[in-house]
$ cat data.tsv   # TSV, C-alpha atoms and all ligand atoms
chain	number	residue	atom	x	y	z
G	1	MET	CA	12.83	-23.69	1.71
G	2	ILE	CA	11.03	-21.23	-0.54
G	3	LYS	CA	10.61	-18.05	1.43
G	4	PHE	CA	7.49	-15.98	1.17
G	5	LEU	CA	9.72	-12.95	0.57
G	6	ASP	CA	13.52	-13.02	0.51
G	7	LEU	CA	14.43	-9.45	1.48
G	8	LYS	CA	18.12	-10.23	1.77
G	9	LYS	CA	18.19	-11.44	-1.81
G	10	ILE	CA	16.19	-8.39	-2.96
G	11	ASN	CA	18.73	-5.96	-1.45
G	12	GLU	CA	21.91	-7.92	-2.17
G	13	PRO	CA	22.50	-6.50	-5.68
G	14	TYR	CA	22.63	-3.00	-4.18
G	15	GLU	CA	25.31	-3.76	-1.61
G	16	THR	CA	28.11	-1.81	-3.28
G	17	THR	CA	26.02	1.16	-4.32
G	18	PHE	CA	24.36	1.32	-0.87
G	19	GLN	CA	27.82	1.51	0.69
G	20	GLU	CA	28.85	4.28	-1.69
G	21	LYS	CA	25.70	6.21	-0.80
G	22	LEU	CA	26.34	5.73	2.91
G	23	LYS	CA	29.82	7.14	2.43
G	24	SER	CA	28.53	10.11	0.50
G	25	VAL	CA	25.89	10.91	3.16
G	26	LEU	CA	28.63	10.62	5.83
G	27	ASP	CA	30.89	12.89	3.81
G	28	ASN	CA	28.11	15.45	3.49
G	29	GLY	CA	27.43	15.38	7.23
G	30	TRP	CA	23.74	16.20	6.66
G	31	TYR	CA	21.20	13.59	7.84
G	32	ILE	CA	17.69	15.06	7.77
G	33	LEU	CA	15.97	16.89	4.87
G	34	GLY	CA	19.03	17.20	2.67
G	35	LYS	CA	19.94	16.67	-0.96
G	36	GLU	CA	19.03	12.98	-1.13
G	37	THR	CA	15.53	13.54	0.25
G	38	GLU	CA	14.99	16.41	-2.15
G	39	ALA	CA	16.28	14.31	-5.05
G	40	PHE	CA	14.00	11.44	-4.08
G	41	GLU	CA	11.00	13.76	-3.86
G	42	ASN	CA	11.78	14.95	-7.39
G	43	ASN	CA	12.44	11.46	-8.72
G	44	PHE	CA	9.33	9.94	-7.17
G	45	SER	CA	6.98	12.74	-8.22
G	46	ASN	CA	8.31	12.38	-11.79
G	47	TYR	CA	7.86	8.64	-11.62
G	48	CYS	CA	4.26	9.00	-10.41
G	49	GLY	CA	3.43	11.80	-12.82
G	50	ALA	CA	2.60	14.07	-9.89
G	51	LYS	CA	3.58	17.67	-9.36
G	52	TYR	CA	4.61	17.23	-5.74
G	53	CYS	CA	6.08	14.54	-3.56
G	54	ILE	CA	6.64	14.92	0.18
G	55	GLY	CA	8.90	12.34	1.84
G	56	VAL	CA	7.70	11.30	5.30
G	57	GLY	CA	8.53	8.83	8.07
G	58	ASN	CA	6.26	5.94	7.08
G	59	GLY	CA	3.06	5.01	5.26
G	60	LEU	CA	0.77	5.52	8.23
G	61	ASP	CA	2.05	9.08	8.69
G	62	ALA	CA	1.64	9.71	4.96
G	63	LEU	CA	-2.09	9.02	5.33
G	64	VAL	CA	-2.41	10.95	8.60
G	65	LEU	CA	-0.65	13.96	7.07
G	66	ILE	CA	-3.00	14.02	4.07
G	67	PHE	CA	-6.01	14.12	6.41
G	68	LYS	CA	-4.40	16.71	8.68
G	69	GLY	CA	-3.49	18.78	5.65
G	70	TYR	CA	-7.09	18.83	4.43
G	71	ILE	CA	-8.23	19.77	7.94
G	72	GLU	CA	-5.80	22.73	8.00
G	73	LEU	CA	-7.12	23.82	4.61
G	74	GLY	CA	-10.70	23.66	5.93
G	75	LYS	CA	-11.66	20.92	3.47
G	76	LEU	CA	-12.24	18.41	6.29
G	77	ARG	CA	-13.38	18.93	9.86
G	78	LYS	CA	-12.95	16.75	12.94
G	79	GLY	CA	-15.85	14.31	13.12
G	80	ASP	CA	-16.32	14.07	9.35
G	81	GLU	CA	-16.92	10.58	8.00
G	82	VAL	CA	-14.45	8.85	5.68
G	83	ILE	CA	-15.42	5.79	3.66
G	84	VAL	CA	-12.81	3.02	3.75
G	85	PRO	CA	-12.77	-0.66	2.72
G	86	ALA	CA	-13.58	-3.03	5.61
G	87	ASN	CA	-10.83	-5.49	4.62
G	88	THR	CA	-7.91	-3.07	4.48
G	89	TYR	CA	-4.71	-3.24	6.48
G	90	ILE	CA	-5.30	-1.61	9.87
G	91	ALA	CA	-3.12	1.44	9.06
G	92	SER	CA	-5.74	2.92	6.69
G	93	ILE	CA	-8.28	2.96	9.51
G	94	LEU	CA	-5.83	4.14	12.18
G	95	ALA	CA	-4.90	7.12	10.00
G	96	ILE	CA	-8.53	8.26	9.78
G	97	LEU	CA	-8.89	7.97	13.56
G	98	GLN	CA	-5.58	9.71	14.29
G	99	ALA	CA	-6.76	12.72	12.30
G	100	GLY	CA	-9.94	12.92	14.39
G	101	LEU	CA	-12.16	11.65	11.58
G	102	VAL	CA	-14.67	8.79	11.60
G	103	PRO	CA	-14.07	5.64	9.49
G	104	VAL	CA	-17.12	4.11	7.78
G	105	LEU	CA	-16.43	0.57	6.61
G	106	VAL	CA	-17.58	-0.68	3.20
G	107	GLU	CA	-17.37	-4.25	1.93
G	108	PRO	CA	-15.00	-5.25	-0.89
G	109	LYS	CA	-15.87	-7.40	-3.89
G	110	LEU	CA	-15.02	-11.02	-3.14
G	111	GLU	CA	-13.35	-11.55	-6.55
G	112	THR	CA	-11.04	-8.52	-6.46
G	113	TYR	CA	-10.63	-7.93	-2.69
G	114	ILE	CA	-11.10	-4.22	-3.53
G	115	ILE	CA	-13.84	-1.85	-2.28
G	116	ASP	CA	-17.15	-2.41	-4.08
G	117	PRO	CA	-18.11	0.93	-5.69
G	118	ASP	CA	-21.79	-0.12	-5.77
G	119	LEU	CA	-21.86	-0.27	-1.98
G	120	ILE	CA	-20.37	3.17	-1.40
G	121	GLU	CA	-23.38	5.35	-2.11
G	122	CYS	CA	-25.67	3.83	0.52
G	123	LYS	CA	-23.09	4.80	3.18
G	124	ILE	CA	-22.99	8.44	2.13
G	125	ASN	CA	-24.80	10.97	4.33
G	126	SER	CA	-24.37	14.66	5.15
G	127	LYS	CA	-21.30	13.92	7.33
G	128	THR	CA	-19.46	11.98	4.62
G	129	LYS	CA	-16.60	14.05	3.25
G	130	ALA	CA	-14.02	11.66	1.78
G	131	ILE	CA	-13.31	8.22	0.37
G	132	LEU	CA	-10.06	6.50	1.29
G	133	VAL	CA	-9.44	4.05	-1.53
G	134	VAL	CA	-6.96	1.20	-0.93
G	135	HIS	CA	-5.23	-0.44	-3.90
G	136	LEU	CA	-4.93	-3.65	-1.96
G	137	TYR	CA	-2.37	-6.31	-2.89
G	138	GLY	CA	-1.15	-4.13	-5.79
G	139	GLN	CA	-4.38	-3.96	-7.81
G	140	LEU	CA	-6.01	-0.63	-8.58
G	141	ALA	CA	-9.47	0.10	-7.30
G	142	GLU	CA	-12.17	0.97	-9.83
G	143	MET	CA	-11.21	4.63	-9.87
G	144	SER	CA	-13.43	5.94	-12.66
G	145	GLN	CA	-16.58	4.77	-10.89
G	146	ILE	CA	-15.29	5.93	-7.50
G	147	ASN	CA	-14.25	9.34	-8.84
G	148	ALA	CA	-17.68	9.76	-10.41
G	149	ILE	CA	-19.38	9.04	-7.06
G	150	ALA	CA	-16.98	11.42	-5.33
G	151	ASN	CA	-17.69	14.19	-7.85
G	152	GLN	CA	-21.42	13.74	-7.55
G	153	HIS	CA	-21.35	13.98	-3.73
G	154	ASN	CA	-18.48	16.44	-3.50
G	155	LEU	CA	-16.16	14.08	-1.62
G	156	LEU	CA	-12.38	14.11	-1.47
G	157	VAL	CA	-10.60	11.03	-2.80
G	158	ILE	CA	-7.48	9.84	-0.96
G	159	GLU	CA	-5.55	6.81	-2.13
G	160	ASP	CA	-3.64	4.34	0.02
G	161	ALA	CA	-1.05	3.07	-2.47
G	162	ALA	CA	1.23	1.48	0.15
G	163	GLN	CA	0.96	-1.79	-1.80
G	164	ALA	CA	0.74	-0.34	-5.29
G	165	HIS	CA	3.89	1.60	-6.25
G	166	GLY	CA	3.95	1.85	-10.02
G	167	ALA	CA	0.52	0.28	-10.52
G	168	GLU	CA	-0.29	3.10	-12.92
G	169	ASN	CA	0.43	6.70	-13.59
G	170	ARG	CA	-2.59	7.42	-11.46
G	171	GLN	CA	-1.99	11.03	-10.60
G	172	SER	CA	-2.93	12.10	-14.09
G	173	ASN	CA	-6.16	10.11	-13.82
G	174	ASN	CA	-7.39	12.09	-10.88
G	175	PRO	CA	-5.59	15.40	-10.60
G	176	GLU	CA	-7.47	16.18	-7.38
G	177	SER	CA	-6.40	13.20	-5.32
G	178	ALA	CA	-3.66	12.77	-2.76
G	179	VAL	CA	-1.82	9.46	-2.65
G	180	ALA	CA	0.01	7.85	0.28
G	181	TYR	CA	2.94	5.43	-0.12
G	182	SER	CA	4.92	3.30	2.31
G	183	PHE	CA	8.54	2.23	1.81
G	184	TYR	CA	8.45	-0.40	4.56
G	185	PRO	CA	11.15	-2.93	3.58
G	186	GLY	CA	8.69	-5.54	2.26
G	187	LYS	CA	6.79	-3.18	-0.05
G	188	ASN	CA	7.38	-3.15	-3.82
G	189	LEU	CA	9.68	-0.17	-3.29
G	190	GLY	CA	11.23	-0.85	0.09
G	191	ALA	CA	13.81	1.04	2.15
G	192	LEU	CA	16.19	-0.44	4.74
G	193	GLY	CA	13.88	0.79	7.47
G	194	ASP	CA	10.75	2.92	7.63
G	195	GLY	CA	9.84	5.49	5.01
G	196	GLY	CA	6.83	6.94	3.25
G	197	ALA	CA	5.68	9.62	0.83
G	198	ILE	CA	2.70	11.59	-0.36
G	199	THR	CA	2.14	12.60	-3.97
G	200	THR	CA	-0.36	15.20	-5.12
G	201	ASN	CA	-0.96	17.85	-7.75
G	202	ASP	CA	-2.60	20.16	-5.23
G	203	SER	CA	-0.07	22.90	-4.48
G	204	GLU	CA	-1.90	24.16	-1.38
G	205	LEU	CA	-2.10	20.70	0.11
G	206	ALA	CA	1.55	20.00	-0.69
G	207	LYS	CA	2.63	23.23	0.98
G	208	VAL	CA	0.74	22.46	4.19
G	209	ILE	CA	2.06	18.89	4.32
G	210	PHE	CA	5.68	19.99	3.74
G	211	SER	CA	5.21	22.09	6.85
G	212	LEU	CA	3.15	19.61	8.92
G	213	ARG	CA	5.73	16.81	8.56
G	214	ASN	CA	8.36	19.13	10.05
G	215	TYR	CA	6.65	20.38	13.24
G	216	GLY	CA	4.31	22.64	11.27
G	217	SER	CA	7.26	24.84	10.51
G	218	GLU	CA	8.58	26.22	7.26
G	219	VAL	CA	10.97	28.79	8.66
G	220	LYS	CA	13.02	27.22	11.43
G	221	TYR	CA	11.55	27.86	14.92
G	222	GLN	CA	8.43	29.50	13.50
G	223	ASN	CA	5.38	27.22	13.77
G	224	GLU	CA	2.35	27.89	11.65
G	225	TYR	CA	0.54	24.62	12.33
G	226	VAL	CA	0.38	21.98	15.06
G	227	GLY	CA	2.61	19.61	13.14
G	228	ILE	CA	4.35	16.31	13.78
G	229	ASN	CA	7.86	14.99	13.25
G	230	SER	CA	7.68	12.66	10.28
G	231	ARG	CA	10.49	13.17	7.78
G	232	LEU	CA	11.97	10.73	5.32
G	233	ASP	CA	15.56	10.03	6.46
G	234	GLU	CA	18.35	11.24	4.24
G	235	LEU	CA	19.93	7.79	4.25
G	236	GLN	CA	16.68	5.98	3.40
G	237	ALA	CA	16.04	8.50	0.62
G	238	ALA	CA	19.54	7.77	-0.73
G	239	PHE	CA	18.82	4.01	-0.80
G	240	LEU	CA	15.39	4.60	-2.36
G	241	ASN	CA	16.91	6.73	-5.12
G	242	LEU	CA	18.96	3.69	-6.13
G	243	LYS	CA	16.07	1.24	-5.95
G	244	LEU	CA	13.48	3.42	-7.71
G	245	VAL	CA	15.39	3.02	-10.98
G	246	ASN	CA	14.53	-0.71	-11.00
G	247	LEU	CA	10.95	-0.50	-9.76
G	248	ASP	CA	9.28	-0.99	-13.15
G	249	GLU	CA	11.55	-3.93	-13.95
G	250	ASP	CA	10.84	-5.47	-10.52
G	251	ASN	CA	7.09	-5.07	-10.99
G	252	LYS	CA	7.38	-6.70	-14.41
G	253	LYS	CA	9.08	-9.69	-12.82
G	254	ARG	CA	6.29	-9.91	-10.24
G	255	ARG	CA	3.74	-9.93	-13.08
G	256	GLU	CA	5.67	-12.73	-14.79
G	257	VAL	CA	5.48	-14.85	-11.64
G	258	ALA	CA	1.75	-14.03	-11.39
G	259	LYS	CA	1.14	-14.98	-15.03
G	260	ARG	CA	2.68	-18.40	-14.42
G	261	TYR	CA	0.68	-18.95	-11.22
G	262	LEU	CA	-2.53	-17.94	-13.01
G	263	SER	CA	-2.02	-20.15	-16.04
G	264	GLU	CA	-0.38	-23.18	-14.42
G	265	ILE	CA	-2.08	-23.62	-11.04
G	266	LYS	CA	-4.92	-26.01	-11.74
G	267	ASN	CA	-6.69	-27.24	-8.64
G	268	GLU	CA	-10.39	-27.05	-7.84
G	269	LYS	CA	-9.61	-26.41	-4.19
G	270	ILE	CA	-7.81	-23.21	-5.04
G	271	ILE	CA	-9.46	-19.96	-6.17
G	272	LEU	CA	-7.03	-17.78	-8.10
G	273	PRO	CA	-7.09	-13.98	-7.91
G	274	PHE	CA	-8.80	-11.82	-10.50
G	275	TRP	CA	-6.55	-9.64	-12.65
G	276	ASN	CA	-8.05	-6.82	-14.66
G	277	PHE	CA	-5.59	-6.77	-17.58
G	278	SER	CA	-6.39	-3.17	-18.44
G	279	HIS	CA	-4.42	-2.18	-15.31
G	280	ASN	CA	-0.81	-2.70	-14.39
G	281	HIS	CA	-1.39	-4.95	-11.38
G	282	VAL	CA	1.91	-4.84	-9.49
G	283	PHE	CA	1.28	-7.96	-7.41
G	284	HIS	CA	2.56	-6.77	-4.08
G	285	LEU	CA	0.90	-10.01	-3.02
G	286	PHE	CA	-0.48	-12.97	-4.93
G	287	VAL	CA	-3.54	-13.88	-2.88
G	288	ILE	CA	-5.46	-17.11	-3.47
G	289	ARG	CA	-8.47	-18.39	-1.57
G	290	SER	CA	-9.20	-21.85	-0.25
G	291	HIS	CA	-12.09	-23.10	1.89
G	292	ASN	CA	-9.65	-24.99	4.06
G	293	ARG	CA	-6.97	-22.32	4.12
G	294	ASP	CA	-5.18	-23.31	7.33
G	295	HIS	CA	-4.84	-26.87	6.10
G	296	LEU	CA	-3.43	-25.67	2.78
G	297	GLN	CA	-0.95	-23.37	4.52
G	298	ASP	CA	0.17	-26.27	6.67
G	299	TYR	CA	0.54	-28.53	3.62
G	300	LEU	CA	2.68	-25.93	1.86
G	301	SER	CA	4.83	-25.47	4.93
G	302	LYS	CA	5.41	-29.25	5.17
G	303	ASN	CA	6.58	-29.08	1.56
G	304	GLY	CA	9.02	-26.28	2.26
G	305	ILE	CA	6.91	-23.40	0.97
G	306	GLN	CA	6.23	-20.39	3.16
G	307	ALA	CA	2.80	-18.86	2.57
G	308	MET	CA	1.35	-16.04	4.67
G	309	ILE	CA	-2.09	-14.65	5.54
G	310	HIS	CA	-2.93	-11.02	4.69
G	311	TYR	CA	-4.74	-10.62	7.00
G	312	PRO	CA	-5.94	-13.16	9.57
G	313	ILE	CA	-8.28	-10.82	11.54
G	314	PRO	CA	-10.46	-8.15	9.90
G	315	PRO	CA	-10.23	-4.67	11.46
G	316	HIS	CA	-13.80	-4.76	12.84
G	317	LYS	CA	-12.97	-7.97	14.77
G	318	GLN	CA	-9.78	-6.59	16.33
G	319	LYS	CA	-9.65	-6.10	20.09
G	320	ALA	CA	-8.52	-2.51	19.51
G	321	PHE	CA	-11.89	-1.79	17.88
G	322	SER	CA	-14.14	-3.49	20.43
G	323	ASP	CA	-16.98	-1.08	19.57
G	324	TRP	CA	-17.13	-2.67	16.12
G	325	ASN	CA	-16.81	-6.32	17.15
G	326	HIS	CA	-20.59	-6.89	16.90
G	327	LEU	CA	-20.73	-5.59	13.30
G	328	SER	CA	-21.13	-8.01	10.43
G	329	PHE	CA	-19.22	-7.77	7.15
G	330	PRO	CA	-19.72	-11.22	5.60
G	331	VAL	CA	-17.55	-10.70	2.49
G	332	THR	CA	-14.71	-9.26	4.55
G	333	GLU	CA	-14.96	-12.09	7.07
G	334	LYS	CA	-14.99	-14.71	4.32
G	335	ILE	CA	-11.89	-13.14	2.79
G	336	HIS	CA	-10.03	-13.15	6.09
G	337	ASN	CA	-10.95	-16.79	6.63
G	338	GLU	CA	-9.91	-17.98	3.19
G	339	VAL	CA	-7.01	-15.94	1.84
G	340	LEU	CA	-3.45	-17.15	1.54
G	341	SER	CA	-0.53	-15.27	-0.04
G	342	LEU	CA	1.85	-17.38	-2.13
G	343	PRO	CA	5.58	-16.61	-2.36
G	344	MET	CA	5.90	-13.54	-4.60
G	345	SER	CA	8.89	-11.33	-5.34
G	346	PRO	CA	11.05	-10.11	-8.22
G	347	VAL	CA	13.88	-12.41	-7.10
G	348	MET	CA	12.00	-15.73	-7.29
G	349	THR	CA	13.63	-18.12	-9.75
G	350	GLY	CA	11.71	-19.97	-12.45
G	351	ASP	CA	12.45	-23.24	-10.65
G	352	GLU	CA	11.00	-21.92	-7.43
G	353	VAL	CA	7.82	-20.82	-9.19
G	354	SER	CA	7.57	-24.25	-10.86
G	355	PHE	CA	7.96	-25.98	-7.51
G	356	VAL	CA	5.19	-23.92	-5.86
G	357	ILE	CA	2.89	-24.72	-8.81
G	358	GLU	CA	3.74	-28.43	-8.73
G	359	ILE	CA	3.08	-28.73	-4.98
G	360	LEU	CA	-0.20	-26.79	-5.26
G	361	ASN	CA	-1.40	-28.94	-8.13
G	362	LYS	CA	-0.77	-32.07	-6.06
G	363	TYR	CA	-2.85	-30.75	-3.15
G	401	LIG	C1	2.09	-1.03	4.76
G	401	LIG	C2	0.77	-0.37	4.67
G	401	LIG	C3	0.51	0.85	5.32
G	401	LIG	C4	1.41	1.47	6.32
G	401	LIG	O1	2.70	1.66	5.97
G	401	LIG	P1	3.85	1.79	7.09
G	401	LIG	O2	5.00	2.31	6.34
G	401	LIG	O3	4.06	0.44	7.66
G	401	LIG	O4	3.34	2.76	8.13
G	401	LIG	C5	-0.71	1.47	5.06
G	401	LIG	N1	-1.62	0.91	4.27
G	401	LIG	C6	-1.43	-0.27	3.66
G	401	LIG	C7	-2.47	-0.82	2.75
G	401	LIG	C8	-0.23	-0.96	3.85
G	401	LIG	O5	-0.04	-2.14	3.25
$ encode --input "data.tsv" --output "structure tokens" --more "lines below"
Ligand SMILES: *Cc1c(COP(=O)(O)O)cnc(C)c1O
Amino acid sequence: MIKFLDLKKINEPYETTFQEKLKSVLDNGWYILGKETEAFENNFSNYCGAKYCIGVGNGLDALVLIFKGYIELGKLRKGDEVIVPANTYIASILAILQAGLVPVLVEPKLETYIIDPDLIECKINSKTKAILVVHLYGQLAEMSQINAIANQHNLLVIEDAAQAHGAENRQSNNPESAVAYSFYPGKNLGALGDGGAITTNDSELAKVIFSLRNYGSEVKYQNEYVGINSRLDELQAAFLNLKLVNLDEDNKKRREVAKRYLSEIKNEKIILPFWNFSHNHVFHLFVIRSHNRDHLQDYLSKNGIQAMIHYPIPPHKQKAFSDWNHLSFPVTEKIHNEVLSLPMSPVMTGDEVSFVIEILNKY
């Protein structure tokens, strides 16, 4: 069987070095906010070309902490509206709500699955204060156009890069933005449990978030803010330090798989994803569309290929958001009805890729 994502195989090469790291953390006897976390924060901010990196508990908290940080700085207020793509993973929307802000959904482009910049402006009103951009599936959003809109209307830009580690040295593109990452095991840079981080060049924001993630406290037992407990584990940071070294190589391997899929899958029933070659797409997912998606998924499964749906139900149709269930987002709904993610990872063999292509071409 060809797995959608073989996490065991991804982590296997690190077995010895993981064990050495575990031993060194045990020997140090320090498990929260120690040397490994600090080293990872340095390594990851360097990697991203950002001045600051704050390690946190997971990707959702990374987003929540950015919003809470801006609220503490007086740059956002409870009740402000935040523009967000309608087809994102639920976490982007939950983060806005958790911070007491109001999500305003905007349709993506069908071809790219990414927020359509041309549809942003008509959703902007006096309450709009930020845009949460999502680099979905590993492809960068159209940042120059989005940044221009944000500048014109004086909006903050926050980036959800949970699926886009290494997609570009983005921090230098927009020195003002704050970027949230997740190190959930299946992400391009994945821990052996939960983890997340925020990168930014904004020293004030970084300072507040360093405090907010640790109970709003900088000096132990003195609380400046109403914070939360969301710290990147020492042990996860240690594992991530080892894996970060190979991230660019892993992303390159993902692109090689994607190149083969794009050039060799030839079937009218399958719509291949768009890749803007001027960006380093990191193919967290390789997402095709098909009008009879469920049938295709079933066919692949019968042929020993595991394909997954990201995501089967759009946020506005979720039971949790019953107030939105009556809303209509036709592009988003079409995407959720038609998308299918093919096996994609840096550990897929050439033979496995060939087999997926062969089976798809016979469909
Ligand atoms: C995974 C993901 C998150 C949340 O990350 P967690 O670490 O699971 O909390 C947020 N946004 C997007 C787009 C994601 O894919």
$ atom_distance --input "data.tsv" --atom1 "atom CA of G:Ala130" --atom2 "atom CA of G:Tyr89"
18.2 Å
$ closest_residue --input "data.tsv" --among "G:Gly227, G:Gly186, G:Gly34, G:Pro346" --to "G:Asn246" --atoms "all atoms listed in the file"
G:Pro346
$ residues_around --input "data.tsv" --residues "G:Asn223" --least-positions-apart "6" --cutoff "10 Å" --atoms "only C-alpha atoms" --output "JSON, numbers by chain"
{"G": [211, 212, 214, 215, 216, 217]}
$ closest_residue --input "data.tsv" --among "G:Asn11, G:Ile313, G:Asn58, G:Ser24" --to "G:Arg231" --atoms "all atoms listed in the file"
G:Asn58
$ residues_near_ligand --input "data.tsv" --ligand "ligand LIG 401 (chain G)" --cutoff "9 Å" --atoms "only C-alpha atoms and all ligand atoms" --output "NGL selection string"
:G and (57-63 or 88-93 or 95 or 134-137 or 160-164 or 180-187 or 194-196)
$ atom_distance --input "data.tsv" --atom1 "atom CA of G:Asn303" --atom2 "atom CA of G:Gly350"
17.5 Å
$ residues_around --input "data.tsv" --residues "G:Asn43" --least-positions-apart "5" --cutoff "10 Å" --atoms "only C-alpha atoms" --output "PDB file with C-alpha atoms, in the coordinates of the input"
ATOM      1  CA  THR G  37      15.530  13.540   0.250  1.00  0.00           C
ATOM      2  CA  GLU G  38      14.990  16.410  -2.150  1.00  0.00           C
ATOM      3  CA  CYS G  48       4.260   9.000 -10.410  1.00  0.00           C
ATOM      4  CA  GLY G  49       3.430  11.800 -12.820  1.00  0.00           C
ATOM      5  CA  CYS G  53       6.080  14.540  -3.560  1.00  0.00           C
ATOM      6  CA  LEU G 240      15.390   4.600  -2.360  1.00  0.00           C
ATOM      7  CA  ASN G 241      16.910   6.730  -5.120  1.00  0.00           C
ATOM      8  CA  LEU G 244      13.480   3.420  -7.710  1.00  0.00           C
ATOM      9  CA  VAL G 245      15.390   3.020 -10.980  1.00  0.00           C
TER      10      VAL G 245
END
$ closest_atom_pairs --input "data.tsv" --of "stretch 236-341 of chain G" --to "stretch 65-86 of chain G" --cutoff "9 Å" --atoms "all atoms listed in the file" --output "CSV"
residue,atom,partner,partner_atom,distance
G:Pro314,CA,G:Ala86,CA,7.4
G:Pro315,CA,G:Ala86,CA,6.9
G:His316,CA,G:Ala86,CA,7.4
G:Phe329,CA,G:Ala86,CA,7.5
G:Thr332,CA,G:Ala86,CA,6.4
$ closest_residue --input "data.tsv" --among "G:Phe239, G:Phe355, G:Tyr47, G:Phe286" --to "G:Glu15" --atoms "only C-alpha atoms"
G:Phe239
$ closest_residue --input "data.tsv" --among "G:Leu342, G:Leu189, G:Ala148, G:Val331" --to "G:Tyr113" --atoms "all atoms listed in the file"
G:Val331
$ closest_residue --input "data.tsv" --among "G:Gln139, G:Val226, G:Gln98, G:Val347" --to "G:Glu111" --atoms "only C-alpha atoms"
G:Gln139
$ closest_residue --input "data.tsv" --among "G:Met344, G:Leu242, G:Val287, G:Leu155" --to "G:Glu20" --atoms "all atoms listed in the file"
G:Leu242
$ atom_distance --input "data.tsv" --atom1 "atom CA of G:Leu300" --atom2 "atom CA of G:Arg255"
21.9 Å
$ residues_near_point --input "data.tsv" --point "(-2.0, 14.8, -6.8)" --cutoff "6 Å" --atoms "all atoms listed in the file" --output "list in words"
Ala50, Gln171, Pro175, Glu176, Ser177, Ala178, Thr199, Thr200, Asn201 and Asp202 of chain G
